[in-house]
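Input: a single structure, listed below in structure tokens.
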Amino acid sequence: MVRIGSGALLALMLAGVPAAAWSQALNDPPVVWKALRQADAKALLIEAGAKIKAEKQTDEHGWRIEVEIPDGMPLSWEGMQCQGEGADQACTEYEIEIPLRAASPKAAKAIAAERNPLFLADAAIDDDYIVWRMGFTYGGVTRAYLKQVLDVTIDMGWDAAKDIQGWKK
């Protein structure tokens, strides 16, 4: 039997999670991933509606998947600190990036300056305002957690896109 602390149970209840769901959480332990495989990231991207544009190995012995989210937003997911080869290559660090083209480097910097109080990790690089998140699997994460990180990053990308002329959701 899986034990769930009373604080976690209370958080589920207060979050409005239906009783059946948190009851199942008590009985069904989640599958924990100690590393992220390229195939797993690809499956999450496809589930989010992404169209795969490219998959490649990086110079740092990792992988990179470049996609287009519905309505044309670009996104890349990169695995880092990887062990193994090919399809079995598993990474303990990852980074998700959404590069949004601004009118100019000056415009990208202005957007970053305006948004940085909320999103400290975002940056302006040349003409792009980059929404990015880096994460880790050290200690284990669930598939649901990684799906949530991806979904929230995409939502933040659409929020940033509203500030950039020419992008529409």
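Ordering of the structure tokens sets the chain letters (A, B, ...), residue numbers begin anew at 1 in every chain, and ligands are numbered from 1 in the order given.
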Can you list, as a short mmCIF file (atom, residue, chain, number, x, y, z; two decimals) with all heavy atoms, in the first residue's frame, every residue of range 30-169 of chain A that DSSP puts in helix (DSSP H, G or I)?
```cif
data_model
loop_
_atom_site.label_atom_id
_atom_site.label_comp_id
_atom_site.auth_asym_id
_atom_site.auth_seq_id
_atom_site.Cartn_x
_atom_site.Cartn_y
_atom_site.Cartn_z
N GLN A 38 14.21 9.94 -25.10
CA GLN A 38 13.75 10.73 -26.23
C GLN A 38 12.35 10.28 -26.66
O GLN A 38 11.49 11.11 -26.94
CB GLN A 38 14.73 10.60 -27.39
CG GLN A 38 14.36 11.44 -28.60
CD GLN A 38 15.44 11.40 -29.68
OE1 GLN A 38 16.55 10.93 -29.46
NE2 GLN A 38 15.11 11.90 -30.84
N ALA A 39 12.12 8.97 -26.69
CA ALA A 39 10.81 8.45 -27.09
C ALA A 39 9.70 8.92 -26.15
O ALA A 39 8.58 9.19 -26.59
CB ALA A 39 10.85 6.92 -27.15
N ASP A 40 10.01 9.03 -24.86
CA ASP A 40 9.01 9.49 -23.89
C ASP A 40 8.68 10.96 -24.11
O ASP A 40 7.52 11.37 -24.07
CB ASP A 40 9.50 9.26 -22.46
CG ASP A 40 9.67 7.78 -22.15
OD1 ASP A 40 8.88 6.96 -22.66
OD2 ASP A 40 10.60 7.45 -21.39
N ALA A 41 9.71 11.78 -24.34
CA ALA A 41 9.48 13.20 -24.61
C ALA A 41 8.69 13.36 -25.91
O ALA A 41 7.76 14.16 -25.99
CB ALA A 41 10.81 13.95 -24.69
N LYS A 42 9.05 12.59 -26.92
CA LYS A 42 8.35 12.64 -28.21
C LYS A 42 6.87 12.28 -28.03
O LYS A 42 5.99 12.95 -28.57
CB LYS A 42 9.02 11.70 -29.20
CG LYS A 42 8.41 11.73 -30.58
CD LYS A 42 9.18 10.80 -31.52
CE LYS A 42 8.54 10.74 -32.89
NZ LYS A 42 9.28 9.85 -33.79
N ALA A 43 6.58 11.25 -27.25
CA ALA A 43 5.19 10.85 -27.01
C ALA A 43 4.41 11.96 -26.31
O ALA A 43 3.25 12.23 -26.67
CB ALA A 43 5.16 9.57 -26.17
N LEU A 44 5.03 12.63 -25.34
CA LEU A 44 4.36 13.74 -24.65
C LEU A 44 4.10 14.90 -25.62
O LEU A 44 3.05 15.54 -25.56
CB LEU A 44 5.19 14.21 -23.45
CG LEU A 44 5.21 13.25 -22.26
CD1 LEU A 44 6.29 13.65 -21.28
CD2 LEU A 44 3.85 13.21 -21.59
N LEU A 45 5.05 15.18 -26.49
CA LEU A 45 4.89 16.25 -27.48
C LEU A 45 3.74 15.93 -28.44
O LEU A 45 2.90 16.80 -28.73
CB LEU A 45 6.19 16.49 -28.25
CG LEU A 45 7.30 17.15 -27.44
CD1 LEU A 45 8.65 16.96 -28.13
CD2 LEU A 45 6.99 18.62 -27.22
N ILE A 46 3.70 14.71 -28.93
CA ILE A 46 2.63 14.31 -29.85
C ILE A 46 1.29 14.38 -29.15
O ILE A 46 0.30 14.85 -29.72
CB ILE A 46 2.92 12.91 -30.42
CG1 ILE A 46 4.12 12.99 -31.38
CG2 ILE A 46 1.69 12.33 -31.12
CD1 ILE A 46 4.66 11.65 -31.84
N GLU A 47 1.25 13.96 -27.89
CA GLU A 47 0.02 14.05 -27.09
C GLU A 47 -0.45 15.49 -26.96
O GLU A 47 -1.64 15.76 -26.90
CB GLU A 47 0.29 13.44 -25.72
CG GLU A 47 -0.93 13.23 -24.88
CD GLU A 47 -0.59 12.53 -23.58
OE1 GLU A 47 0.12 11.50 -23.62
OE2 GLU A 47 -1.02 13.02 -22.52
N GLY A 86 21.30 5.51 -28.64
CA GLY A 86 20.11 5.36 -29.46
C GLY A 86 18.82 5.56 -28.70
O GLY A 86 18.69 6.46 -27.87
N ALA A 87 17.85 4.69 -28.99
CA ALA A 87 16.52 4.81 -28.40
C ALA A 87 16.52 4.63 -26.88
O ALA A 87 15.62 5.09 -26.19
CB ALA A 87 15.57 3.79 -29.03
N ASP A 88 17.54 3.96 -26.36
CA ASP A 88 17.63 3.73 -24.92
C ASP A 88 18.35 4.85 -24.17
O ASP A 88 18.52 4.78 -22.96
CB ASP A 88 18.33 2.40 -24.63
CG ASP A 88 17.50 1.22 -25.09
OD1 ASP A 88 16.26 1.31 -25.01
OD2 ASP A 88 18.09 0.23 -25.55
N PRO A 105 16.03 42.75 -32.37
CA PRO A 105 16.67 42.47 -31.08
C PRO A 105 16.21 43.45 -29.99
O PRO A 105 16.01 43.06 -28.85
CB PRO A 105 18.16 42.61 -31.38
CG PRO A 105 18.28 42.27 -32.84
CD PRO A 105 17.02 42.84 -33.45
N LYS A 106 16.04 44.70 -30.37
CA LYS A 106 15.59 45.72 -29.40
C LYS A 106 14.20 45.36 -28.86
O LYS A 106 13.96 45.47 -27.66
CB LYS A 106 15.58 47.09 -30.07
CG LYS A 106 15.20 48.21 -29.13
CD LYS A 106 15.27 49.56 -29.84
CE LYS A 106 14.87 50.68 -28.90
NZ LYS A 106 14.96 51.99 -29.54
N ALA A 107 13.31 44.92 -29.74
CA ALA A 107 11.96 44.54 -29.31
C ALA A 107 12.01 43.31 -28.40
O ALA A 107 11.31 43.26 -27.39
CB ALA A 107 11.08 44.27 -30.52
N ALA A 108 12.85 42.33 -28.74
CA ALA A 108 12.98 41.13 -27.91
C ALA A 108 13.48 41.49 -26.51
O ALA A 108 12.98 40.98 -25.51
CB ALA A 108 13.92 40.13 -28.58
N LYS A 109 14.47 42.39 -26.45
CA LYS A 109 14.99 42.83 -25.15
C LYS A 109 13.93 43.57 -24.35
O LYS A 109 13.84 43.43 -23.13
CB LYS A 109 16.22 43.70 -25.35
CG LYS A 109 17.44 42.91 -25.77
CD LYS A 109 18.63 43.82 -25.99
CE LYS A 109 19.81 43.03 -26.53
NZ LYS A 109 20.95 43.85 -26.87
N ALA A 110 13.12 44.39 -25.03
CA ALA A 110 12.07 45.14 -24.34
C ALA A 110 11.03 44.19 -23.75
O ALA A 110 10.57 44.38 -22.61
CB ALA A 110 11.41 46.13 -25.29
N ILE A 111 10.66 43.17 -24.51
CA ILE A 111 9.70 42.18 -24.01
C ILE A 111 10.30 41.44 -22.81
O ILE A 111 9.63 41.25 -21.79
CB ILE A 111 9.31 41.19 -25.12
CG1 ILE A 111 8.53 41.93 -26.21
CG2 ILE A 111 8.47 40.04 -24.57
CD1 ILE A 111 8.40 41.16 -27.51
N ALA A 112 11.56 41.05 -22.91
CA ALA A 112 12.21 40.35 -21.80
C ALA A 112 12.27 41.24 -20.57
O ALA A 112 12.01 40.79 -19.45
CB ALA A 112 13.61 39.90 -22.20
N ALA A 113 12.59 42.51 -20.76
CA ALA A 113 12.68 43.43 -19.61
C ALA A 113 11.31 43.59 -18.95
O ALA A 113 11.21 43.64 -17.72
CB ALA A 113 13.21 44.78 -20.07
N GLU A 114 10.26 43.64 -19.76
CA GLU A 114 8.91 43.82 -19.22
C GLU A 114 8.43 42.56 -18.50
O GLU A 114 7.77 42.63 -17.48
CB GLU A 114 7.95 44.16 -20.36
CG GLU A 114 6.53 44.39 -19.90
CD GLU A 114 5.63 44.78 -21.06
OE1 GLU A 114 6.01 45.65 -21.85
OE2 GLU A 114 4.54 44.19 -21.16
N ARG A 115 8.77 41.39 -19.05
CA ARG A 115 8.25 40.13 -18.51
C ARG A 115 9.16 39.51 -17.45
O ARG A 115 8.72 38.64 -16.70
CB ARG A 115 8.03 39.14 -19.65
CG ARG A 115 6.96 39.60 -20.63
CD ARG A 115 6.83 38.63 -21.78
NE ARG A 115 6.47 37.31 -21.33
CZ ARG A 115 5.21 36.90 -21.06
NH1 ARG A 115 4.21 37.73 -21.25
NH2 ARG A 115 4.98 35.68 -20.65
N ARG A 143 5.33 10.74 -15.17
CA ARG A 143 4.94 11.17 -16.52
C ARG A 143 3.99 12.37 -16.41
O ARG A 143 4.08 13.32 -17.16
CB ARG A 143 4.27 10.01 -17.25
CG ARG A 143 3.89 10.34 -18.68
CD ARG A 143 3.16 9.15 -19.33
NE ARG A 143 3.08 9.31 -20.75
CZ ARG A 143 2.21 10.09 -21.39
NH1 ARG A 143 1.34 10.81 -20.68
NH2 ARG A 143 2.21 10.18 -22.70
N ALA A 144 3.07 12.30 -15.46
CA ALA A 144 2.11 13.39 -15.28
C ALA A 144 2.83 14.70 -14.95
O ALA A 144 2.43 15.77 -15.42
CB ALA A 144 1.11 13.04 -14.18
N TYR A 145 3.89 14.62 -14.16
CA TYR A 145 4.65 15.83 -13.83
C TYR A 145 5.28 16.42 -15.10
O TYR A 145 5.19 17.63 -15.33
CB TYR A 145 5.74 15.50 -12.80
CG TYR A 145 6.69 16.66 -12.59
CD1 TYR A 145 6.34 17.71 -11.76
CD2 TYR A 145 7.91 16.70 -13.24
CE1 TYR A 145 7.19 18.79 -11.57
CE2 TYR A 145 8.77 17.78 -13.06
CZ TYR A 145 8.40 18.81 -12.23
OH TYR A 145 9.25 19.88 -12.07
N LEU A 146 5.92 15.57 -15.91
CA LEU A 146 6.56 16.07 -17.14
C LEU A 146 5.52 16.62 -18.11
O LEU A 146 5.76 17.62 -18.78
CB LEU A 146 7.40 14.98 -17.79
CG LEU A 146 8.69 14.66 -17.05
CD1 LEU A 146 9.34 13.42 -17.62
CD2 LEU A 146 9.65 15.83 -17.10
N LYS A 147 4.36 15.98 -18.18
CA LYS A 147 3.29 16.49 -19.04
C LYS A 147 2.85 17.87 -18.56
O LYS A 147 2.63 18.78 -19.36
CB LYS A 147 2.11 15.52 -19.07
CG LYS A 147 0.99 15.97 -19.99
CD LYS A 147 -0.14 14.97 -20.01
CE LYS A 147 -1.26 15.33 -20.95
NZ LYS A 147 -1.52 16.71 -21.21
N GLN A 148 2.75 18.04 -17.25
CA GLN A 148 2.35 19.33 -16.68
C GLN A 148 3.40 20.40 -16.98
O GLN A 148 3.05 21.53 -17.33
CB GLN A 148 2.12 19.20 -15.17
CG GLN A 148 1.73 20.48 -14.49
CD GLN A 148 0.33 20.96 -14.85
OE1 GLN A 148 -0.43 20.26 -15.48
NE2 GLN A 148 0.01 22.16 -14.44
N VAL A 149 4.69 20.07 -16.85
CA VAL A 149 5.76 21.03 -17.17
C VAL A 149 5.64 21.46 -18.63
O VAL A 149 5.72 22.65 -18.95
CB VAL A 149 7.15 20.43 -16.89
CG1 VAL A 149 8.25 21.30 -17.48
CG2 VAL A 149 7.36 20.26 -15.40
N LEU A 150 5.43 20.50 -19.54
CA LEU A 150 5.28 20.82 -20.96
C LEU A 150 4.05 21.70 -21.19
O LEU A 150 4.15 22.74 -21.86
CB LEU A 150 5.18 19.54 -21.79
CG LEU A 150 4.93 19.72 -23.28
CD1 LEU A 150 6.06 20.50 -23.95
CD2 LEU A 150 4.72 18.36 -23.95
N ASP A 151 2.91 21.32 -20.62
CA ASP A 151 1.67 22.08 -20.81
C ASP A 151 1.81 23.51 -20.29
O ASP A 151 1.38 24.46 -20.95
CB ASP A 151 0.49 21.39 -20.12
CG ASP A 151 0.07 20.10 -20.80
OD1 ASP A 151 0.50 19.84 -21.95
OD2 ASP A 151 -0.70 19.33 -20.18
N VAL A 152 2.39 23.68 -19.12
CA VAL A 152 2.55 25.01 -18.54
C VAL A 152 3.52 25.85 -19.38
O VAL A 152 3.28 27.04 -19.61
CB VAL A 152 3.01 24.92 -17.07
CG1 VAL A 152 3.47 26.27 -16.54
CG2 VAL A 152 1.89 24.37 -16.20
N THR A 153 4.59 25.23 -19.87
CA THR A 153 5.54 25.97 -20.71
C THR A 153 4.87 26.42 -22.00
O THR A 153 5.06 27.55 -22.45
CB THR A 153 6.79 25.11 -21.01
OG1 THR A 153 7.35 24.68 -19.76
CG2 THR A 153 7.83 25.90 -21.79
N ILE A 154 4.06 25.56 -22.60
CA ILE A 154 3.32 25.94 -23.81
C ILE A 154 2.36 27.09 -23.50
O ILE A 154 2.29 28.07 -24.25
CB ILE A 154 2.57 24.72 -24.40
CG1 ILE A 154 3.58 23.73 -24.99
CG2 ILE A 154 1.56 25.18 -25.46
CD1 ILE A 154 2.98 22.39 -25.38
N ASP A 155 1.65 26.99 -22.39
CA ASP A 155 0.74 28.09 -22.00
C ASP A 155 1.51 29.40 -21.81
O ASP A 155 1.05 30.47 -22.21
CB ASP A 155 0.00 27.74 -20.70
CG ASP A 155 -1.08 26.69 -20.91
OD1 ASP A 155 -1.44 26.40 -22.07
OD2 ASP A 155 -1.55 26.13 -19.89
N MET A 156 2.69 29.31 -21.21
CA MET A 156 3.51 30.51 -21.01
C MET A 156 3.99 31.05 -22.36
O MET A 156 4.12 32.25 -22.54
CB MET A 156 4.67 30.21 -20.08
CG MET A 156 4.20 29.92 -18.67
SD MET A 156 5.50 29.29 -17.60
CE MET A 156 6.52 30.72 -17.46
N GLY A 157 4.25 30.15 -23.31
CA GLY A 157 4.63 30.58 -24.65
C GLY A 157 3.50 31.35 -25.32
O GLY A 157 3.73 32.40 -25.93
N TRP A 158 2.27 30.85 -25.20
CA TRP A 158 1.13 31.57 -25.79
C TRP A 158 0.93 32.91 -25.09
O TRP A 158 0.60 33.91 -25.74
CB TRP A 158 -0.13 30.73 -25.72
CG TRP A 158 -0.16 29.65 -26.75
CD1 TRP A 158 -0.27 28.31 -26.52
CD2 TRP A 158 -0.05 29.81 -28.17
NE1 TRP A 158 -0.23 27.65 -27.72
CE2 TRP A 158 -0.11 28.53 -28.74
CE3 TRP A 158 0.08 30.92 -29.00
CZ2 TRP A 158 -0.03 28.32 -30.12
CZ3 TRP A 158 0.16 30.72 -30.38
CH2 TRP A 158 0.10 29.43 -30.92
N ASP A 159 1.13 32.94 -23.78
CA ASP A 159 1.01 34.21 -23.05
C ASP A 159 2.04 35.22 -23.56
O ASP A 159 1.72 36.38 -23.79
CB ASP A 159 1.19 33.96 -21.55
CG ASP A 159 0.93 35.21 -20.74
OD1 ASP A 159 -0.18 35.77 -20.85
OD2 ASP A 159 1.84 35.62 -20.01
N ALA A 160 3.27 34.75 -23.77
CA ALA A 160 4.32 35.64 -24.29
C ALA A 160 4.02 36.05 -25.73
O ALA A 160 4.29 37.19 -26.13
CB ALA A 160 5.67 34.95 -24.21
N ALA A 161 3.45 35.13 -26.50
CA ALA A 161 3.15 35.43 -27.90
C ALA A 161 2.18 36.60 -28.04
O ALA A 161 2.23 37.33 -29.03
CB ALA A 161 2.60 34.18 -28.59
#
```
CA of Glu60 in chain A and CA of Gln81 in chain A are how many Å apart? 8.0 Å
Members of range 29-111 of chain A assigned strand (DSSP E) by DSSP, as number ranges by chain: A: 32-33, 36-37, 51-57, 63-69, 73-83, 90-101
Tell me which of A:Cys82, A:Val67, A:Gln57, A:Met134 sits closest to Glu95 in chain A, counting only C-alpha atoms.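 That would be A:Met134, the residue with the smallest distance to Glu95 in chain A.
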Work out how far CA of Ile130 in chain A is from CA of Ile65 in chain A, in Å to one decimal.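 CA of Ile130 in chain A lies 16.3 Å from CA of Ile65 in chain A.
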Shortest interatomic distance to Gly72 in chain A - which of A:Arg101, A:Arg37, A:Ala123, A:Val32, counting only C-alpha atoms: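 Using only C-alpha atoms, the shortest distance to Gly72 in chain A belongs to A:Arg101.
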Measuring between only C-alpha atoms, which one of A:Cys91, A:Ser104, A:Asp122, A:Ala54 shows the shortest distance to Lys34 in chain A?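 Closest to Lys34 in chain A of all the choices is A:Cys91.
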